[in-house]
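Student: Sharing coords_10.txt here; it has compact mmCIF, C-alpha atoms.
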# COMPACT_ATOMS: atom_id res chain seq x y z
CA MET A 86 -9.16 -3.69 -15.59
CA PRO A 87 -11.40 -4.47 -12.56
CA PRO A 88 -15.07 -3.64 -13.15
CA ALA A 89 -16.66 -0.77 -11.25
CA PRO A 90 -18.78 -1.82 -8.26
CA ALA A 91 -22.42 -2.53 -9.20
CA ASN A 92 -23.65 -0.11 -6.50
CA PRO A 93 -20.84 2.05 -5.08
CA TYR A 94 -23.04 3.20 -2.18
CA LEU A 95 -23.95 -0.28 -0.92
CA PRO A 96 -21.48 -2.30 1.19
CA VAL A 97 -21.21 -6.01 0.52
CA PRO A 98 -21.22 -8.24 3.63
CA VAL A 99 -17.95 -9.86 4.66
CA ARG A 100 -16.87 -12.04 7.57
CA VAL A 101 -13.73 -11.61 9.66
CA GLU A 102 -11.70 -14.82 9.32
CA SER A 103 -8.72 -13.66 11.37
CA ALA A 104 -7.54 -10.55 13.20
CA VAL A 105 -3.83 -10.35 14.01
CA PHE A 106 -1.78 -7.57 15.60
CA GLU A 107 1.19 -6.60 13.43
CA SER A 108 3.06 -4.21 15.70
CA GLU A 109 4.53 -4.53 19.17
CA ASP A 110 2.48 -1.58 20.41
CA ARG A 111 -0.73 -3.20 19.06
CA SER A 112 -1.57 -0.10 17.03
CA LEU A 113 -1.59 -2.00 13.73
CA LYS A 114 -3.93 -4.91 13.12
CA THR A 115 -4.47 -7.00 10.00
CA LEU A 116 -7.90 -8.46 9.27
CA SER A 117 -8.53 -11.21 6.73
CA LEU A 118 -12.03 -11.09 5.26
CA SER A 119 -14.20 -13.50 3.29
CA PHE A 120 -17.23 -12.59 1.18
CA LEU A 121 -20.47 -13.99 2.59
CA ASP A 122 -22.11 -13.97 -0.85
CA PRO A 123 -19.81 -15.13 -3.68
CA SER A 124 -21.73 -12.89 -6.10
CA GLY A 125 -20.57 -9.86 -4.09
CA ARG A 126 -16.90 -10.70 -4.49
CA PHE A 127 -15.01 -8.12 -6.56
CA ASP A 128 -11.77 -8.09 -8.50
CA PHE A 129 -9.09 -5.48 -7.84
CA LEU A 130 -5.49 -4.63 -8.64
CA PRO A 131 -2.70 -3.53 -6.27
CA GLY A 132 -3.03 0.11 -5.27
CA GLN A 133 -6.83 0.15 -5.08
CA PHE A 134 -8.70 0.65 -1.82
CA VAL A 135 -11.96 -0.21 -0.08
CA GLU A 136 -14.33 1.50 2.31
CA PHE A 137 -14.58 -0.64 5.47
CA SER A 138 -17.84 -0.16 7.40
CA VAL A 139 -18.71 -1.21 10.95
CA PRO A 140 -22.45 -1.04 11.70
CA GLY A 141 -23.24 1.76 14.12
CA LYS A 142 -19.71 3.21 13.95
CA GLY A 143 -19.15 4.38 10.38
CA GLU A 144 -16.67 3.62 7.63
CA SER A 145 -13.07 4.42 6.69
CA PRO A 146 -10.95 3.87 3.57
CA PHE A 147 -8.04 1.42 3.52
CA GLY A 148 -5.65 0.24 0.85
CA ILE A 149 -5.95 -3.46 0.06
CA ALA A 150 -2.98 -5.35 1.50
CA SER A 151 -3.61 -8.76 -0.04
CA SER A 152 -2.68 -9.84 -3.55
CA PRO A 153 -5.53 -10.14 -6.08
CA THR A 154 -4.61 -13.83 -6.37
CA GLU A 155 -5.51 -14.60 -2.74
CA GLU A 156 -8.82 -16.05 -1.63
CA LEU A 157 -9.18 -13.72 1.36
CA LEU A 158 -9.01 -9.94 1.23
CA ARG A 159 -6.75 -8.27 3.83
CA VAL A 160 -6.56 -4.78 5.26
CA THR A 161 -4.16 -3.46 7.89
CA VAL A 162 -5.66 -0.85 10.18
CA ASN A 163 -3.90 1.77 12.29
CA LYS A 164 -5.91 2.51 15.44
CA ALA A 165 -6.45 6.25 15.33
CA GLY A 166 -10.13 7.13 15.77
CA THR A 167 -13.67 5.92 16.43
CA VAL A 168 -14.00 3.67 13.37
CA THR A 169 -10.50 2.25 13.55
CA ARG A 170 -10.93 1.47 17.26
CA ALA A 171 -14.15 -0.38 16.40
CA ILE A 172 -12.28 -2.33 13.72
CA HIS A 173 -9.56 -3.25 16.21
CA ASN A 174 -12.27 -4.68 18.48
CA LEU A 175 -13.47 -7.06 15.76
CA ASP A 176 -12.63 -10.75 15.95
CA ARG A 177 -13.13 -13.94 14.00
CA GLY A 178 -16.76 -14.44 12.98
CA ASP A 179 -17.80 -10.79 13.13
CA ARG A 180 -19.66 -9.44 10.10
CA VAL A 181 -18.92 -6.07 8.56
CA GLY A 182 -19.20 -4.39 5.15
CA LEU A 183 -16.95 -3.37 2.27
CA ARG A 184 -17.50 -0.92 -0.56
CA GLY A 185 -15.19 -0.97 -3.53
CA PRO A 186 -12.80 -1.35 -5.10
CA PHE A 187 -12.08 2.32 -5.70
CA GLY A 188 -9.34 4.32 -7.36
CA ASN A 189 -6.69 3.36 -9.88
CA TRP A 190 -3.79 0.99 -9.42
CA TYR A 191 -0.04 0.72 -9.85
CA PRO A 192 0.80 0.64 -13.61
CA ILE A 193 1.72 -3.03 -13.78
CA ASP A 194 1.57 -3.08 -17.59
CA LEU A 195 4.41 -0.54 -17.68
CA PHE A 196 6.56 -2.71 -15.42
CA ARG A 197 6.70 -5.55 -17.94
CA GLY A 198 10.16 -5.71 -19.44
CA ALA A 199 11.51 -3.26 -16.86
CA ASN A 200 13.12 -3.36 -13.42
CA LEU A 201 11.15 -2.38 -10.32
CA ALA A 202 12.14 -0.56 -7.12
CA ILE A 203 9.57 -0.71 -4.31
CA ILE A 204 10.21 1.87 -1.58
CA SER A 205 8.07 2.22 1.53
CA GLY A 206 7.98 3.27 5.15
CA GLY A 207 5.80 2.32 8.08
CA PHE A 208 2.11 1.58 7.79
CA ALA A 209 1.93 2.65 4.12
CA PHE A 210 3.58 -0.62 3.07
CA THR A 211 0.16 -2.28 2.70
CA THR A 212 -0.57 -1.77 -1.00
CA LEU A 213 3.09 -2.19 -1.92
CA ALA A 214 3.13 -5.60 -0.23
CA SER A 215 0.12 -6.43 -2.39
CA LEU A 216 2.01 -5.25 -5.47
CA LEU A 217 5.14 -7.25 -4.61
CA ASP A 218 3.21 -10.47 -3.99
CA TYR A 219 1.22 -10.01 -7.20
CA VAL A 220 4.28 -9.31 -9.35
CA LEU A 221 6.17 -12.29 -7.93
CA GLU A 222 3.25 -14.64 -8.53
CA LYS A 223 1.81 -13.40 -11.82
CA HIS A 224 4.50 -11.39 -13.57
CA SER A 225 7.81 -12.72 -12.28
CA ASP A 226 9.01 -13.69 -15.77
CA GLU A 227 8.02 -10.31 -17.20
CA VAL A 228 9.76 -8.05 -14.65
CA GLY A 229 13.50 -7.78 -14.32
CA ARG A 230 15.40 -6.95 -11.14
CA ILE A 231 13.22 -6.16 -8.11
CA ASP A 232 14.58 -4.03 -5.28
CA LEU A 233 12.72 -3.59 -1.99
CA ILE A 234 13.55 -0.81 0.45
CA TYR A 235 11.30 -0.78 3.51
CA GLY A 236 11.68 0.82 6.91
CA ALA A 237 9.91 1.48 10.19
CA ARG A 238 10.69 3.27 13.44
CA THR A 239 11.64 0.04 15.25
CA PRO A 240 11.81 -3.68 14.38
CA GLY A 241 8.55 -4.21 16.25
CA MET A 242 6.76 -1.80 13.91
CA LEU A 243 7.70 -3.62 10.70
CA LEU A 244 4.68 -5.13 8.96
CA TYR A 245 4.32 -8.68 7.63
CA LYS A 246 7.40 -10.08 9.30
CA GLU A 247 6.97 -13.60 7.90
CA LYS A 248 6.72 -12.18 4.40
CA LEU A 249 9.81 -10.04 4.99
CA THR A 250 11.78 -13.15 5.94
CA ALA A 251 10.59 -14.97 2.82
CA TRP A 252 11.32 -12.00 0.55
CA GLN A 253 14.82 -11.63 1.97
CA ALA A 254 15.46 -15.29 1.12
CA ASN A 255 14.05 -14.95 -2.41
CA PRO A 256 16.84 -14.75 -5.02
CA ARG A 257 14.57 -12.63 -7.22
CA LEU A 258 14.78 -9.78 -4.70
CA ARG A 259 17.37 -7.44 -3.27
CA CYS A 260 16.10 -6.22 0.10
CA TRP A 261 17.10 -3.28 2.26
CA ILE A 262 15.09 -3.51 5.49
CA THR A 263 15.87 -0.68 7.88
CA VAL A 264 14.82 0.87 11.20
CA ASP A 265 15.21 4.50 12.23
CA ARG A 266 17.58 3.94 15.13
CA GLU A 267 19.79 1.36 16.79
CA THR A 268 17.80 -1.30 18.64
CA PRO A 269 19.18 -4.13 20.80
CA GLY A 270 19.15 -7.38 18.83
CA TRP A 271 18.52 -5.75 15.45
CA GLN A 272 21.01 -7.00 12.85
CA GLY A 273 19.64 -5.13 9.84
CA LEU A 274 20.19 -1.66 8.46
CA VAL A 275 19.79 1.48 10.55
CA GLY A 276 18.72 4.74 8.95
CA PHE A 277 15.79 6.60 7.48
CA VAL A 278 14.37 5.32 4.21
CA PRO A 279 15.46 8.33 2.09
CA ASP A 280 19.04 7.89 3.30
CA VAL A 281 18.95 4.18 2.49
CA VAL A 282 17.64 5.01 -0.98
CA ALA A 283 20.60 7.35 -1.46
CA ARG A 284 23.07 4.60 -0.43
CA ALA A 285 21.44 1.68 -2.23
CA GLU A 286 22.90 0.62 -5.56
CA ILE A 287 19.72 1.03 -7.57
CA SER A 288 20.18 1.91 -11.21
CA PRO A 289 17.58 4.10 -12.93
CA ASP A 290 18.21 2.32 -16.24
CA ASN A 291 14.92 0.83 -17.43
CA THR A 292 13.61 0.96 -13.83
CA TYR A 293 10.32 2.12 -12.36
CA ALA A 294 10.23 3.28 -8.74
CA VAL A 295 7.08 3.02 -6.63
CA VAL A 296 7.12 5.02 -3.38
CA CYS A 297 4.55 5.01 -0.59
CA GLY A 298 4.95 6.14 3.00
CA PRO A 299 4.42 9.02 5.39
CA PRO A 300 4.30 12.40 3.60
CA ILE A 301 7.71 13.47 4.94
CA MET A 302 9.27 10.21 3.75
CA ILE A 303 7.85 10.67 0.26
CA LYS A 304 8.93 14.33 0.18
CA LEU A 305 12.54 13.42 1.05
CA THR A 306 12.70 10.25 -1.07
CA LEU A 307 11.61 11.73 -4.41
CA PRO A 308 14.66 14.06 -4.67
CA ARG A 309 16.95 11.11 -3.87
CA LEU A 310 15.52 9.24 -6.86
CA LEU A 311 15.94 12.27 -9.10
CA GLU A 312 19.58 12.52 -7.99
CA LYS A 313 20.05 8.91 -9.09
CA GLY A 314 18.72 9.79 -12.53
CA PHE A 315 15.19 8.44 -12.35
CA PRO A 316 12.90 10.23 -14.86
CA ARG A 317 9.86 11.86 -13.28
CA ASP A 318 7.49 9.75 -15.36
CA ARG A 319 9.06 6.55 -13.99
CA ILE A 320 8.44 7.44 -10.34
CA TYR A 321 5.01 6.59 -8.94
CA THR A 322 3.48 7.24 -5.55
CA SER A 323 0.11 6.88 -3.85
CA LEU A 324 -1.88 9.65 -2.17
CA GLU A 325 -4.12 7.13 -0.40
CA ARG A 326 -3.99 9.17 2.84
CA ARG A 327 -6.28 11.71 1.19
CA MET A 328 -9.05 9.18 0.51
CA LYS A 329 -12.50 9.97 1.89
CA CYS A 330 -15.81 8.86 0.32
CA GLY A 331 -14.24 6.93 -2.55
CA ILE A 332 -16.55 8.14 -5.31
CA GLY A 333 -15.77 11.84 -5.72
CA LYS A 334 -18.92 13.14 -4.04
CA CYS A 335 -17.69 14.66 -0.77
CA GLY A 336 -15.01 16.82 -2.39
CA ARG A 337 -12.56 16.37 0.47
CA CYS A 338 -9.82 14.65 -1.54
CA ASN A 339 -9.46 17.10 -4.40
CA ILE A 340 -6.10 18.65 -5.25
CA GLY A 341 -6.60 21.37 -7.82
CA PRO A 342 -8.62 19.77 -10.64
CA LYS A 343 -7.95 16.18 -9.49
CA TYR A 344 -10.04 13.98 -7.21
CA VAL A 345 -7.66 11.54 -5.59
CA CYS A 346 -10.35 8.86 -5.18
CA LYS A 347 -11.23 8.95 -8.90
CA ASP A 348 -8.06 10.14 -10.66
CA GLY A 349 -5.75 8.41 -8.18
CA PRO A 350 -4.63 7.46 -5.63
CA VAL A 351 -1.66 6.44 -7.81
CA PHE A 352 0.10 9.28 -9.64
CA SER A 353 3.44 9.65 -11.36
CA TYR A 354 5.81 12.32 -10.06
CA ALA A 355 5.41 14.05 -13.42
CA GLU A 356 1.64 14.32 -12.82
CA LEU A 357 2.09 15.60 -9.28
CA GLU A 358 4.39 18.40 -10.38
CA GLY A 359 1.45 19.94 -12.20
CA LEU A 360 -0.72 20.02 -9.06
CA PRO A 361 -0.79 22.49 -6.13
CA GLU A 362 1.82 21.71 -3.50
CA GLU A 363 -0.83 20.78 -0.93
CA TYR A 364 -0.49 17.10 -1.85
Step by step, read the file and then write its structure as C-alpha cells.

Tutor:
Amino acid sequence: MPPAPANPYLPVPVRVESAVFESEDRSLKTLSLSFLDPSGRFDFLPGQFVEFSVPGKGESPFGIASSPTEELLRVTVNKAGTVTRAIHNLDRGDRVGLRGPFGNWYPIDLFRGANLAIISGGFAFTTLASLLDYVLEKHSDEVGRIDLIYGARTPGMLLYKEKLTAWQANPRLRCWITVDRETPGWQGLVGFVPDVVARAEISPDNTYAVVCGPPIMIKLTLPRLLEKGFPRDRIYTSLERRMKCGIGKCGRCNIGPKYVCKDGPVFSYAELEGLPEEY
C-alpha cells in the first residue's frame, strides 16, 4: 500500500522531461515528469491520481498514466479549461508541482489467480494503461488470460499508439481495438465499445472486468457484462471524473455518504448499486 503524502496540501516540484501530443486534433497531450528532489518522490498504484499545479494558473486532478515501475511519472491531459490550457503550453524543462498520490487503486491482489478484462474508451484509458503495463511487468505469472477492449472516436484519437502496437503483438493479450465509425485506411474493428464487449468472446469464469471511459460508455457497458454473466462484485470502474481537491475537504465529489477522492475513485459495481444514481 503506498504511503499517504507527508503534507497533502504542499505540491512537490517536478520537471517536464517531455510533452507529446497524443491525438490528431492536439487536444490530448502526455507529459513525462521527473522529481526535482528524490526525497519528494512518492509511490503509487494504478488507479490513483495526482493534483497537477501550474504556478499562477491553478491545479487540476489527473489519473496517473505511467506504471509504478517507471522512472518518470506520466499524465495525459485533455485541453478543456484554463489550467489544462496552461499545461498544454508547458514544454521540456518547465517546472510545475504535484500533490499526491490520492485515492484508492485497482484491486490487483484480487486479480492474482484470475483472468482480467480491461475495457476502456477515449481519454479515460490513462489509468488502465498504467494497470496493464504494471500487470504485464510485475504480475504476468499470477494473472491468467488478459483481454483488452479499447476504443476511440477515430484512429487519430487513440492514445499510446506505440503501446497499442506492442500489446497487439503480445501473445499474453487478446486485443479488440475499435473506432466509432468507418475511417479510410483503418483496418481494425468498427463499433462502439459496449457493442464490441457484447460481441467479444470474454468468459466471466474466474474473470475480473475493469471498465473506465466516458459516463455513457460505462452506463452501456455494465449491462453488457451482466448479460455475459459477470458478478457485480467482479466488475470495477473508476469515477475519476468526479475528482476535485483530492483530500475530501471541498465536498464536491461526494455521492451520498461516499467521497470519491477518499473512498474511491475505484469502486465495484456492487458498491455503486448502493449509491444514488448521480454517479

Student: May I have the residues within 10 Å of Ile301 of chain A as a list of chain:residue names, using all atoms listed in the file and disregarding those fewer than 4 positions away in the same chain?

Tutor: A:Pro279, A:Leu305, A:Thr306

Student: Excluding Glu155 of chain A and its own-chain neighbours fewer than 2 positions away, which residues fall within 10 Å of it when counting only C-alpha atoms? Please give them as a list in words.

Tutor: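 The residues satisfying every condition are Ser151, Ser152, Pro153, Leu157, Leu158, Arg159, Ser215, Asp218 and Tyr219 of chain A.
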
Student: Determine, using only C-alpha atoms, which residues of segment 194-218 of chain A have any atom at most 6 Å from an atom of segment 227-251 of chain A, and tabulate each with its shortest atom pair and distance in Å to one decimal place, rows ordered by chain and then rising number, as CSV.

Tutor:
residue,atom,partner,partner_atom,distance
A:Arg197,CA,A:Glu227,CA,5.0
A:Gly198,CA,A:Val228,CA,5.3
A:Ala199,CA,A:Gly229,CA,5.6
A:Asn200,CA,A:Gly229,CA,4.5
A:Leu201,CA,A:Ile231,CA,4.8
A:Ala202,CA,A:Asp232,CA,4.6
A:Ile203,CA,A:Leu233,CA,4.9
A:Ile204,CA,A:Ile234,CA,4.7
A:Ser205,CA,A:Tyr235,CA,4.8
A:Gly206,CA,A:Gly236,CA,4.8
A:Gly207,CA,A:Ala237,CA,4.7

Student: As an exercise, work out the distance from atom CA of Leu95 of chain A to atom CA of Gly185 of chain A in Å and give it to one decimal place.

Tutor: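 Calculated distance between atom CA of Leu95 of chain A and atom CA of Gly185 of chain A is 9.2 Å.
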
Student: Just give me the gap between atom CA of Phe129 of chain A and atom CA of Thr212 of chain A in Å, one decimal is fine.

Tutor: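 Atom CA of Phe129 of chain A sits 11.5 Å away from atom CA of Thr212 of chain A.
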
Student: Can you tell me which residues surround Thr169 of chain A at a distance of at most 8 Å, considering only C-alpha atoms, apart from same-chain residues fewer than 6 positions away, and format the answer as a list in words?

Tutor: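 These residues fall inside the cut-off: Ser145, Val162 and Asn163 of chain A.
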
Student: To one decimal place, how far is atom CA of Gly333 of chain A from atom CA of Val101 of chain A in Å?

Tutor: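 Computed distance, atom CA of Gly333 of chain A to atom CA of Val101 of chain A, equals 28.1 Å.
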
Student: So which one's closest to Phe208 of chain A, A:Leu113, A:Val105, A:Ala91, A:Leu307? Using only C-alpha atoms, please.

Tutor: A:Leu113
